[in-house]
Amino acid sequence: MSLNPYTWSLRALLVLALSVTVLACASAGEVTPEPKAEEAKAGESAAKTDESSAADKKAAVKSEKPKTTRAYVPRFDTYEEFSQYADVVAGERFTKAIIDLRTDKVYYFDVNVYPLHSDFIFAQIYKTEETPEKLAQYMENYNETKPEFLLLYLVHHVAQDIWAFAFWEGDMGRAEYVAKAHERIQATFFDGAKVKFRPDSAWQEEVAAQLTDVPVVTNDEIYEETTWQFFNEGKRVGKLRIIDGIEDSELDKLVYDKDEILILNEAIPTLTVVSGVVSETFSTPLSHVALRARTWGIPHIGLKNASVLFKELNGKNVLLEATQSGYELRKATKDEVAAWKAEKEKARTVHLPPLNLEQTELKPLTNIRMTETNAYGAKTSNLGEIVQAKVDGCFVPEGFGIPIHYYEAHMKKHGLDKKMAKMIKGKKFKKDATYRRDQLADLRAQIVAKPIDSKLLDEVTAKVQAMKDAPKGVFVRSSTNAEDLPGFNGAGLYDTVPFVQGRENLEKAVKKVWASVWNQRAFEERDYFGIDHRAVKGAVLVQKAVNPTAAGVLVTSNIYDKRDTTVYTINAKSGLGIRVVEGKKMPEQILFDVKEGSMKVLSRSDEDTMLVAAEGGGVKEVPNPAKNEPVLTHARARTLSEVARRLTEVFPKENPLDIEWLFVGDDLQIVQSRPFMSN
């Protein structure tokens, strides 16, 4: 079907009527219980909404008029009727169903009234209070043999126009129950012939393999069919700029304006602050670009062929708005441009912890606490706190911190502090992004070119040599006082040098990390948040290098549905975790319910290669021996999630935790913990 990019507004096509009047159909009018963790929402997978839905389905969901529904119906005869009983989460419109195995009756119930199967069953079928004995009876219906009910989700993946039915990922039902569910849905649903079984766990994938007459669709297949992806909510006005066909070697030379809305044909890790991002290459909400967009509070979506769809708007002022339900990208009106200019003048300020330039000890992580951010930076201090807490099952690779004192001494000794101060005051530096890029590059080059203090280098070298079992060398990591802070994440702004070996390479690595304080992306983001650049100092974390079999990121929340308070979001890849956050390739995505121990796989990583340690230092790319196999087994995902849950007791509760982890075989190691940023 033909769509006009000037007026393309999916939101209008995906609005769900929010005013629902429930008529009693037995015991209506009860207070809806709070959701429990034993059931994950059907809308947990990555956002997948676009214009590809069939026209009749679109028309059915345009209306915002209040609708009158019953608490449940025995069948759906139209899409509009289905919509009245459904909710929308992360681009999936879903309702829930119960098949009573004793009577063969089907109940399609309103999830806006009864969020959980158990809520409906106790109110409408059992018609009794929820006692421990009665709840135990109900829970039997998640076992291999089901005494009473099949507990289903009926889902429309809107972007792909794919219909699926699913069970909670912890449901252990046999193939015969899947076949029964498929039979009853076909008989009671207007589009029953299109509905396929979606397995959401390893167990259910085994069950799906046994089916002969039931069509199956996997989460990977659904993900591959999507044409748009939601990353971050927001509404901004800016000049549209399409970046396409740029050689990788030239990407670092690009400069961006804060007022630009970009269409990118690939992920750009060095991206600086802009007003909106549309990525043609799909990734994960936990990539560094997505995390920065979240921190900046800007709209960020993935959209295939965006550069073609919107090429006529290139260079024009546009409005981009993104929500979980859809997006809008069109030419902005004069009033919208004027309103945005007024809004962007509002000041943003992040205050850094007071500096401690007196601390000179190269402390081991075992002696560093979270309160020492002002000397060792947040990354080092947070890891030291984890070590001090002695969290069960949590291992942190051996390491030590080089405090900010030595960065400051290096800058002053070579007159670079004065050069920096003069540079950032310059009028041309402030106004000309290209000139600013070149000046920052020159400052970084001088930081790297000047010799490091020999006494410091001797001490660093001696400490590295004293590490036990470190044949791969060390990771030399940034740990500035302007990252991993509440209100300022700083993800991907500064540099890490992996697998460093030898005295000469240690010197180069430490200076490279120091110099990364003045990466353009770091400067622009700090500037956006009103951070005083003169107060930013570069501490360094030196850690024993390990060669992981798997690595990635975990966030202690369900980033797709905040109502699921016990579900964690995991991204994983084989080998080093660098590519997880680069955003250039799709990682394995998992939702793990830490209370119930259930796991839902949203996508698998099928990369042909992986990154590992190279002989003599650095990294190399090798064939992935585990291609097409899960990166994380259920056991590893459980181990990781349990440790993450314990870590939430170590740090303040204001934000979920963003945890970087790795496995060496089955041994889990934690290498970073910081607050997960929302807008």
# chains A, B, ... in the order shown; residues from 1 in each chain; ligands from 1

$ closest_atom_pairs --of "range 281-323 of chain A" --to "range 650-658 of chain A" --cutoff "12 Å" --atoms "only C-alpha atoms" --output "JSON lines"
{"residue": "A:Leu286", "atom": "CA", "partner": "A:Asp658", "partner_atom": "CA", "distance": 9.0}
{"residue": "A:Ser287", "atom": "CA", "partner": "A:Asp658", "partner_atom": "CA", "distance": 11.6}
{"residue": "A:His288", "atom": "CA", "partner": "A:Asp658", "partner_atom": "CA", "distance": 11.7}
{"residue": "A:Leu291", "atom": "CA", "partner": "A:Asp658", "partner_atom": "CA", "distance": 10.3}

$ write_last_selection --atoms "N, CA and C atoms" --output "PDB file, in the first residue's frame"
ATOM      1  N   LEU A 286      19.452  -1.272  24.828  1.00  0.00           N
ATOM      2  CA  LEU A 286      20.580  -1.179  25.756  1.00  0.00           C
ATOM      3  C   LEU A 286      21.891  -0.849  25.048  1.00  0.00           C
ATOM      4  N   SER A 287      21.846  -0.538  23.754  1.00  0.00           N
ATOM      5  CA  SER A 287      23.057  -0.090  23.070  1.00  0.00           C
ATOM      6  C   SER A 287      23.423   1.300  23.581  1.00  0.00           C
ATOM      7  N   HIS A 288      24.683   1.698  23.379  1.00  0.00           N
ATOM      8  CA  HIS A 288      25.120   3.000  23.880  1.00  0.00           C
ATOM      9  C   HIS A 288      24.351   4.148  23.228  1.00  0.00           C
ATOM     10  N   LEU A 291      21.000   4.256  24.899  1.00  0.00           N
ATOM     11  CA  LEU A 291      21.113   4.763  26.265  1.00  0.00           C
ATOM     12  C   LEU A 291      21.332   6.272  26.269  1.00  0.00           C
TER      13      LEU A 291
END

$ residues_around --residues "Gly618 in chain A" --least-positions-apart "2" --cutoff "6 Å" --atoms "only C-alpha atoms" --output "PDB file with C-alpha atoms, in the first residue's frame"
ATOM      1  CA  PRO A 498      41.483  -4.100  26.304  1.00  0.00           C
ATOM      2  CA  PHE A 499      44.142  -6.770  26.878  1.00  0.00           C
ATOM      3  CA  ALA A 614      44.679 -11.528  20.595  1.00  0.00           C
TER       4      ALA A 614
END

$ closest_residue --among "A:Leu443, A:Leu485, A:Leu352, A:Leu668" --to "Ala550 in chain A" --atoms "only C-alpha atoms"
A:Leu668

$ closest_atom_pairs --of "range 485-555 of chain A" --to "range 445-468 of chain A" --cutoff "8 Å" --atoms "only C-alpha atoms" --output "Markdown table"
| residue | atom | partner | partner_atom | distance |
| --- | --- | --- | --- | --- |
| A:Gly502 | CA | A:Thr461 | CA | 7.8 |
| A:Arg503 | CA | A:Thr461 | CA | 5.9 |
| A:Leu506 | CA | A:Thr461 | CA | 7.4 |
| A:Glu507 | CA | A:Leu457 | CA | 6.7 |
| A:Lys508 | CA | A:Val448 | CA | 7.0 |
| A:Lys511 | CA | A:Val448 | CA | 5.1 |
| A:Lys512 | CA | A:Val448 | CA | 6.0 |
| A:Trp514 | CA | A:Ile447 | CA | 7.5 |
| A:Ala515 | CA | A:Ile447 | CA | 5.7 |
| A:Lys544 | CA | A:Met467 | CA | 7.3 |

$ select_by_dssp --residues "range 464-508 of chain A" --states "helix (DSSP H, G or I)" --output "list in words"
Val464, Gln465, Ala466, Arg503, Glu504, Asn505, Leu506, Glu507 and Lys508 of chain A

$ write_last_selection --atoms "N, CA and C atoms" --output "mmCIF file, in the first residue's frame"
data_model
loop_
_atom_site.group_PDB
_atom_site.id
_atom_site.type_symbol
_atom_site.label_atom_id
_atom_site.label_comp_id
_atom_site.auth_asym_id
_atom_site.auth_seq_id
_atom_site.Cartn_x
_atom_site.Cartn_y
_atom_site.Cartn_z
ATOM 1 N N VAL A 464 50.528 -4.445 38.135
ATOM 2 C CA VAL A 464 50.033 -5.354 37.103
ATOM 3 C C VAL A 464 50.816 -6.660 37.131
ATOM 4 N N GLN A 465 52.131 -6.565 37.270
ATOM 5 C CA GLN A 465 52.963 -7.770 37.305
ATOM 6 C C GLN A 465 52.670 -8.633 38.528
ATOM 7 N N ALA A 466 52.197 -8.003 39.595
ATOM 8 C CA ALA A 466 51.893 -8.741 40.825
ATOM 9 C C ALA A 466 50.563 -9.475 40.757
ATOM 10 N N ARG A 503 55.003 -2.734 29.823
ATOM 11 C CA ARG A 503 55.151 -1.395 30.386
ATOM 12 C C ARG A 503 54.835 -0.303 29.357
ATOM 13 N N GLU A 504 55.390 -0.429 28.168
ATOM 14 C CA GLU A 504 55.182 0.606 27.152
ATOM 15 C C GLU A 504 53.706 0.731 26.787
ATOM 16 N N ASN A 505 53.034 -0.412 26.634
ATOM 17 C CA ASN A 505 51.614 -0.384 26.283
ATOM 18 C C ASN A 505 50.755 0.110 27.436
ATOM 19 N N LEU A 506 51.193 -0.146 28.667
ATOM 20 C CA LEU A 506 50.470 0.391 29.814
ATOM 21 C C LEU A 506 50.493 1.919 29.803
ATOM 22 N N GLU A 507 51.640 2.488 29.509
ATOM 23 C CA GLU A 507 51.735 3.950 29.446
ATOM 24 C C GLU A 507 50.806 4.509 28.370
ATOM 25 N N LYS A 508 50.834 3.889 27.198
ATOM 26 C CA LYS A 508 49.978 4.362 26.109
ATOM 27 C C LYS A 508 48.499 4.260 26.484
#

$ residues_around --residues "His533 in chain A" --least-positions-apart "3" --cutoff "12 Å" --atoms "only C-alpha atoms" --output "PDB file with C-alpha atoms, in the first residue's frame"
ATOM      1  CA  VAL A 350      24.297  18.221  36.555  1.00  0.00           C
ATOM      2  CA  HIS A 351      26.550  18.849  39.542  1.00  0.00           C
ATOM      3  CA  LEU A 352      29.651  16.693  39.973  1.00  0.00           C
ATOM      4  CA  ASP A 417      45.342  22.539  31.837  1.00  0.00           C
ATOM      5  CA  MET A 420      42.241  23.437  27.850  1.00  0.00           C
ATOM      6  CA  ALA A 421      40.907  26.409  29.823  1.00  0.00           C
ATOM      7  CA  LYS A 422      41.760  28.826  27.005  1.00  0.00           C
ATOM      8  CA  MET A 423      40.320  26.485  24.381  1.00  0.00           C
ATOM      9  CA  ILE A 424      36.874  26.079  25.921  1.00  0.00           C
ATOM     10  CA  LYS A 425      36.489  29.851  26.364  1.00  0.00           C
ATOM     11  CA  THR A 480      35.980   9.706  35.386  1.00  0.00           C
ATOM     12  CA  ASN A 481      34.066  11.713  37.954  1.00  0.00           C
ATOM     13  CA  ALA A 482      31.530  12.483  35.178  1.00  0.00           C
ATOM     14  CA  VAL A 517      38.001  12.887  28.805  1.00  0.00           C
ATOM     15  CA  TRP A 518      38.122  15.189  25.766  1.00  0.00           C
ATOM     16  CA  ASN A 519      36.380  12.925  23.262  1.00  0.00           C
ATOM     17  CA  ALA A 522      31.922  13.342  25.867  1.00  0.00           C
ATOM     18  CA  PHE A 523      32.383  17.099  25.607  1.00  0.00           C
ATOM     19  CA  GLU A 524      29.120  17.656  23.730  1.00  0.00           C
ATOM     20  CA  GLU A 525      27.077  15.571  26.160  1.00  0.00           C
ATOM     21  CA  ARG A 526      28.576  17.226  29.233  1.00  0.00           C
ATOM     22  CA  ASP A 527      27.932  20.593  27.619  1.00  0.00           C
ATOM     23  CA  TYR A 528      24.300  19.634  26.996  1.00  0.00           C
ATOM     24  CA  PHE A 529      23.857  18.901  30.692  1.00  0.00           C
ATOM     25  CA  GLY A 530      25.583  22.068  31.843  1.00  0.00           C
ATOM     26  CA  VAL A 536      35.956  16.823  34.934  1.00  0.00           C
ATOM     27  CA  LYS A 537      38.952  14.634  35.775  1.00  0.00           C
ATOM     28  CA  GLY A 538      40.129  11.290  34.495  1.00  0.00           C
TER      29      GLY A 538
END

$ select_by_dssp --residues "range 224-312 of chain A" --states "strand (DSSP E or B)" --output "number ranges by chain"
A: 228-232, 234-243, 260-264, 276-279, 300-303

$ closest_residue --among "A:Leu647, A:Ala136, A:Ile261, A:Val513" --to "Asp392 in chain A" --atoms "only C-alpha atoms"
A:Leu647

$ atom_distance --atom1 "CA of Leu211 in chain A" --atom2 "CA of Gln160 in chain A"
23.5 Å

$ closest_residue --among "A:Glu233, A:Asp110, A:Glu398, A:Glu224" --to "Gln324 in chain A" --atoms "only C-alpha atoms"
A:Glu233

$ decode --residues "range 134-230 of chain A" --atoms "C-alpha atoms" --output "short mmCIF file (atom, residue, chain, number, x, y, z; two decimals), in the first residue's frame"
data_model
loop_
_atom_site.label_atom_id
_atom_site.label_comp_id
_atom_site.auth_asym_id
_atom_site.auth_seq_id
_atom_site.Cartn_x
_atom_site.Cartn_y
_atom_site.Cartn_z
CA LYS A 134 -7.12 -22.39 46.29
CA LEU A 135 -4.09 -20.63 44.74
CA ALA A 136 -2.16 -23.90 44.86
CA GLN A 137 -5.05 -25.54 42.99
CA TYR A 138 -4.93 -22.80 40.38
CA MET A 139 -1.14 -23.08 39.95
CA GLU A 140 -1.50 -26.74 38.97
CA ASN A 141 -2.65 -25.44 35.59
CA TYR A 142 0.90 -24.41 34.72
CA ASN A 143 2.18 -28.00 35.03
CA GLU A 144 2.62 -30.64 32.34
CA THR A 145 -0.77 -32.11 33.20
CA LYS A 146 -3.50 -29.51 33.56
CA PRO A 147 -6.52 -30.37 35.71
CA GLU A 148 -8.78 -27.41 34.81
CA PHE A 149 -7.60 -24.66 32.48
CA LEU A 150 -5.42 -23.60 29.57
CA LEU A 151 -4.14 -20.09 30.31
CA LEU A 152 -3.39 -18.24 27.08
CA TYR A 153 -2.35 -14.93 25.54
CA LEU A 154 -3.81 -13.89 22.19
CA VAL A 155 -1.46 -11.39 20.56
CA HIS A 156 -1.52 -9.23 17.48
CA HIS A 157 2.04 -8.19 16.57
CA VAL A 158 0.86 -5.01 14.92
CA ALA A 159 3.96 -4.04 12.95
CA GLN A 160 4.24 -7.43 11.31
CA ASP A 161 0.49 -8.14 11.20
CA ILE A 162 1.20 -11.53 12.77
CA TRP A 163 -1.30 -13.26 15.07
CA ALA A 164 -0.04 -15.61 17.76
CA PHE A 165 -1.21 -17.39 20.87
CA ALA A 166 1.17 -18.08 23.69
CA PHE A 167 1.46 -19.41 27.21
CA TRP A 168 3.34 -17.85 30.11
CA GLU A 169 7.00 -18.79 29.62
CA GLY A 170 6.94 -20.81 32.85
CA ASP A 171 4.04 -22.96 31.61
CA MET A 172 5.13 -26.59 31.13
CA GLY A 173 2.13 -27.79 29.13
CA ARG A 174 2.47 -30.68 26.69
CA ALA A 175 1.92 -30.59 22.93
CA GLU A 176 -1.64 -31.91 23.26
CA TYR A 177 -2.63 -28.76 25.16
CA VAL A 178 -1.14 -26.52 22.48
CA ALA A 179 -3.15 -28.41 19.87
CA LYS A 180 -6.29 -28.05 21.97
CA ALA A 181 -5.77 -24.32 22.34
CA HIS A 182 -5.25 -23.95 18.59
CA GLU A 183 -8.43 -25.88 17.84
CA ARG A 184 -10.60 -23.75 20.17
CA ILE A 185 -9.11 -20.45 18.94
CA GLN A 186 -9.83 -21.43 15.34
CA ALA A 187 -13.43 -22.08 16.28
CA THR A 188 -13.99 -18.88 18.30
CA PHE A 189 -11.80 -16.19 16.70
CA PHE A 190 -12.64 -14.31 13.49
CA ASP A 191 -9.08 -14.64 12.13
CA GLY A 192 -8.41 -18.04 13.69
CA ALA A 193 -6.79 -19.49 10.56
CA LYS A 194 -3.97 -16.93 10.87
CA VAL A 195 -3.16 -17.57 14.53
CA LYS A 196 0.10 -19.44 15.18
CA PHE A 197 1.66 -20.83 18.34
CA ARG A 198 4.52 -18.68 19.71
CA PRO A 199 6.87 -20.64 22.01
CA ASP A 200 8.38 -18.35 24.68
CA SER A 201 10.80 -20.70 26.48
CA ALA A 202 13.24 -23.49 25.73
CA TRP A 203 10.66 -26.01 27.00
CA GLN A 204 7.99 -24.62 24.72
CA GLU A 205 10.38 -24.69 21.78
CA GLU A 206 10.77 -28.43 22.37
CA VAL A 207 6.99 -28.76 22.53
CA ALA A 208 6.63 -26.79 19.28
CA ALA A 209 8.97 -29.25 17.55
CA GLN A 210 6.48 -32.04 18.36
CA LEU A 211 3.51 -30.31 16.73
CA THR A 212 2.33 -31.55 13.34
CA ASP A 213 -0.90 -29.67 12.64
CA VAL A 214 -0.34 -26.43 14.55
CA PRO A 215 1.51 -23.59 12.78
CA VAL A 216 4.40 -22.12 14.78
CA VAL A 217 6.06 -18.70 14.72
CA THR A 218 9.16 -17.95 16.79
CA ASN A 219 10.11 -14.66 18.41
CA ASP A 220 13.12 -14.49 16.09
CA GLU A 221 10.87 -14.79 13.05
CA ILE A 222 8.56 -12.11 14.41
CA TYR A 223 11.50 -9.84 15.11
CA GLU A 224 12.89 -10.27 11.61
CA GLU A 225 9.55 -9.24 10.11
CA THR A 226 9.34 -5.92 11.92
CA THR A 227 9.83 -2.71 9.97
CA TRP A 228 9.99 -0.33 12.92
CA GLN A 229 11.30 -0.52 16.48
CA PHE A 230 10.70 1.68 19.50
#
